[in-house]
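One structure is given below, encoded as structure tokens.
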Amino acid sequence: MPDLLLPFVGLILLITITPGPDMLLVLRNGLQGGSSLAWATGAGCCAGIAVHAVAATVGLSAVIAASSEVYTVIKLAGAGYLVLLGATSLLRTFARHDEDHIEADDPPAASPAPSPTTTLDRRRAFRQGLTSNLLNPKIAILFLTLLPQFVADGEPRAATTAVLAATFVVVGLVFMRALSLAVGAVTRLLQRRRVGVAVERITGTALVAIGVTVASDQR
């Protein structure tokens, strides 16, 4: 066990609970499908982190850090993906707003046919979380710069780095599971028409804003 494991866990707990695109994406998808979709999204985010962790362990993250072109391409792709997800949320809320106006103008029907609220399933939610993190080069840089600081003198570098990286992923999984359960507990409130639209617009706007910020951020 690494000598600096406990302080490492404390630090990554702070990093993990800090609000960011992962948390927003979990909330966005949990709003549509409760804890099931929230958990699938969180698991996808952690899978993306695991890929970065493996890359850091074998040294691939150094390639991203060393190449400005590679870093920029991944950064812009990730920023564009966040903007796309946020814009999709915003467009969906405006579509719901139009449907509400149409329903208000029409005479009440005896038993209106329910319209599908989402085409999102667990596989797609998982892919969204995975893609969002795979296209975030800052995670690669985080692993590259953070992990070596917690390898004590005399410890085998490769083995200790692997343990620390695995710990990072496990902490992320535990947090995402807790977050998905919390989202599921308030799903009924969030799925009320007005509350749901407001929350989805907030998360959509935040994802777009984060995407724009990432794209304009100078390395």
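Lettering and numbering for the structure tokens are positional, with chains as A, B, ... in the shown order, residues counted from 1 in each chain, and ligands counted from 1 in the shown order.
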For this session: Tell me which protein, DNA and RNA residues are within 12 Å of Leu11 of chain A, counting only C-alpha atoms, leaving out same-chain ones fewer than 2 positions away, and put them as a PyMOL selection string.
Result: chain A and resi 4-9+13-18+146-147+149-150+164+167-168+171
For this session: Just list the residues in segment 123-202 of chain A DSSP gives alpha helix (DSSP H) on the backbone, as number ranges by chain.
Result: A: 123-134, 137-146, 157-185, 187-190, 193-202
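The closest residue to Val63 of chain A, picked from A:Ile141, A:Ala215, A:Val183, A:Leu173 and counting only C-alpha atoms, is A:Ile141.
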For this session: Extract, using only C-alpha atoms, all DNA, RNA and protein residues at most 8 Å from segment 202-208 of chain A, discarding same-chain residues fewer than 6 positions from it, and format them as a ChimeraX atom specification.
Result: /A:21,24-25,27-28,82-90
Export of prior selection with N, CA and C atoms as a PDB file, in the first residue's frame:
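result21.pdb was written with the following content:
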ATOM      1  N   PRO A  21     -18.463  19.245 -15.359  1.00  0.00           N
ATOM      2  CA  PRO A  21     -19.283  18.692 -16.442  1.00  0.00           C
ATOM      3  C   PRO A  21     -19.807  17.286 -16.154  1.00  0.00           C
ATOM      4  N   LEU A  24     -22.873  17.647 -13.934  1.00  0.00           N
ATOM      5  CA  LEU A  24     -23.969  18.225 -14.706  1.00  0.00           C
ATOM      6  C   LEU A  24     -24.569  17.198 -15.665  1.00  0.00           C
ATOM      7  N   LEU A  25     -23.716  16.394 -16.273  1.00  0.00           N
ATOM      8  CA  LEU A  25     -24.205  15.392 -17.218  1.00  0.00           C
ATOM      9  C   LEU A  25     -25.006  14.316 -16.503  1.00  0.00           C
ATOM     10  N   LEU A  27     -26.718  14.745 -13.720  1.00  0.00           N
ATOM     11  CA  LEU A  27     -27.988  15.373 -13.359  1.00  0.00           C
ATOM     12  C   LEU A  27     -28.889  15.506 -14.581  1.00  0.00           C
ATOM     13  N   ARG A  28     -28.319  15.919 -15.686  1.00  0.00           N
ATOM     14  CA  ARG A  28     -29.098  16.083 -16.929  1.00  0.00           C
ATOM     15  C   ARG A  28     -29.759  14.770 -17.336  1.00  0.00           C
ATOM     16  N   LEU A  82     -19.454  18.880 -25.384  1.00  0.00           N
ATOM     17  CA  LEU A  82     -20.199  19.466 -24.265  1.00  0.00           C
ATOM     18  C   LEU A  82     -21.227  20.481 -24.764  1.00  0.00           C
ATOM     19  N   VAL A  83     -20.826  21.310 -25.728  1.00  0.00           N
ATOM     20  CA  VAL A  83     -21.753  22.293 -26.299  1.00  0.00           C
ATOM     21  C   VAL A  83     -22.927  21.574 -26.960  1.00  0.00           C
ATOM     22  N   LEU A  84     -22.649  20.484 -27.675  1.00  0.00           N
ATOM     23  CA  LEU A  84     -23.709  19.718 -28.333  1.00  0.00           C
ATOM     24  C   LEU A  84     -24.692  19.160 -27.318  1.00  0.00           C
ATOM     25  N   LEU A  85     -24.186  18.572 -26.231  1.00  0.00           N
ATOM     26  CA  LEU A  85     -25.072  18.015 -25.206  1.00  0.00           C
ATOM     27  C   LEU A  85     -25.902  19.115 -24.549  1.00  0.00           C
ATOM     28  N   GLY A  86     -25.267  20.243 -24.245  1.00  0.00           N
ATOM     29  CA  GLY A  86     -26.000  21.347 -23.624  1.00  0.00           C
ATOM     30  C   GLY A  86     -27.049  21.928 -24.548  1.00  0.00           C
ATOM     31  N   ALA A  87     -26.692  22.111 -25.817  1.00  0.00           N
ATOM     32  CA  ALA A  87     -27.639  22.670 -26.785  1.00  0.00           C
ATOM     33  C   ALA A  87     -28.824  21.725 -26.992  1.00  0.00           C
ATOM     34  N   THR A  88     -28.549  20.414 -26.978  1.00  0.00           N
ATOM     35  CA  THR A  88     -29.627  19.437 -27.122  1.00  0.00           C
ATOM     36  C   THR A  88     -30.627  19.560 -25.979  1.00  0.00           C
ATOM     37  N   SER A  89     -30.112  19.741 -24.767  1.00  0.00           N
ATOM     38  CA  SER A  89     -30.998  19.917 -23.606  1.00  0.00           C
ATOM     39  C   SER A  89     -31.859  21.172 -23.760  1.00  0.00           C
ATOM     40  N   LEU A  90     -31.231  22.267 -24.167  1.00  0.00           N
ATOM     41  CA  LEU A  90     -31.972  23.524 -24.319  1.00  0.00           C
ATOM     42  C   LEU A  90     -33.044  23.401 -25.389  1.00  0.00           C
TER      43      LEU A  90
END
Problem set entry | Within 12 Å of Asp153 of chain A using only C-alpha atoms, minus same-chain residues under 5 positions, as a ChimeraX atom specification | /A:2-4,148,160
Atoms to include: C-alpha atoms. Write the selected residues as a short mmCIF file (atom, residue, chain, number, x, y, z; two decimals), in the first residue's frame.
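Generated output (selection.cif):
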data_model
loop_
_atom_site.label_atom_id
_atom_site.label_comp_id
_atom_site.auth_asym_id
_atom_site.auth_seq_id
_atom_site.Cartn_x
_atom_site.Cartn_y
_atom_site.Cartn_z
CA PRO A 2 1.44 3.42 -0.93
CA ASP A 3 2.66 5.43 2.04
CA LEU A 4 0.78 8.53 0.86
CA PRO A 148 3.95 11.27 -9.26
CA THR A 160 2.39 2.63 -6.90
#
Problem set entry | Met176 of chain A surroundings by only C-alpha atoms, 8 Å radius, close-in-sequence under 5 positions cut, as a PyMOL selection string | chain A and resi 39+42-43
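Reported to one decimal place, the separation of atom CA of Gly48 of chain A from atom CA of Leu134 of chain A is 5.1 Å.
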For this session: Go through A:Leu179, A:Ile74, A:Thr93, A:Gly184 and flag the residue nearest Pro19 of chain A, using only C-alpha atoms for the distances.
Result: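 Of all the options, A:Leu179 lies closest to Pro19 of chain A.
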Problem set entry | Residue nearest Phe143 of chain A among A:Thr187, A:Ser68, A:Thr57, A:Thr131 (counting only C-alpha atoms) |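 The closest residue to Phe143 of chain A is A:Thr57.
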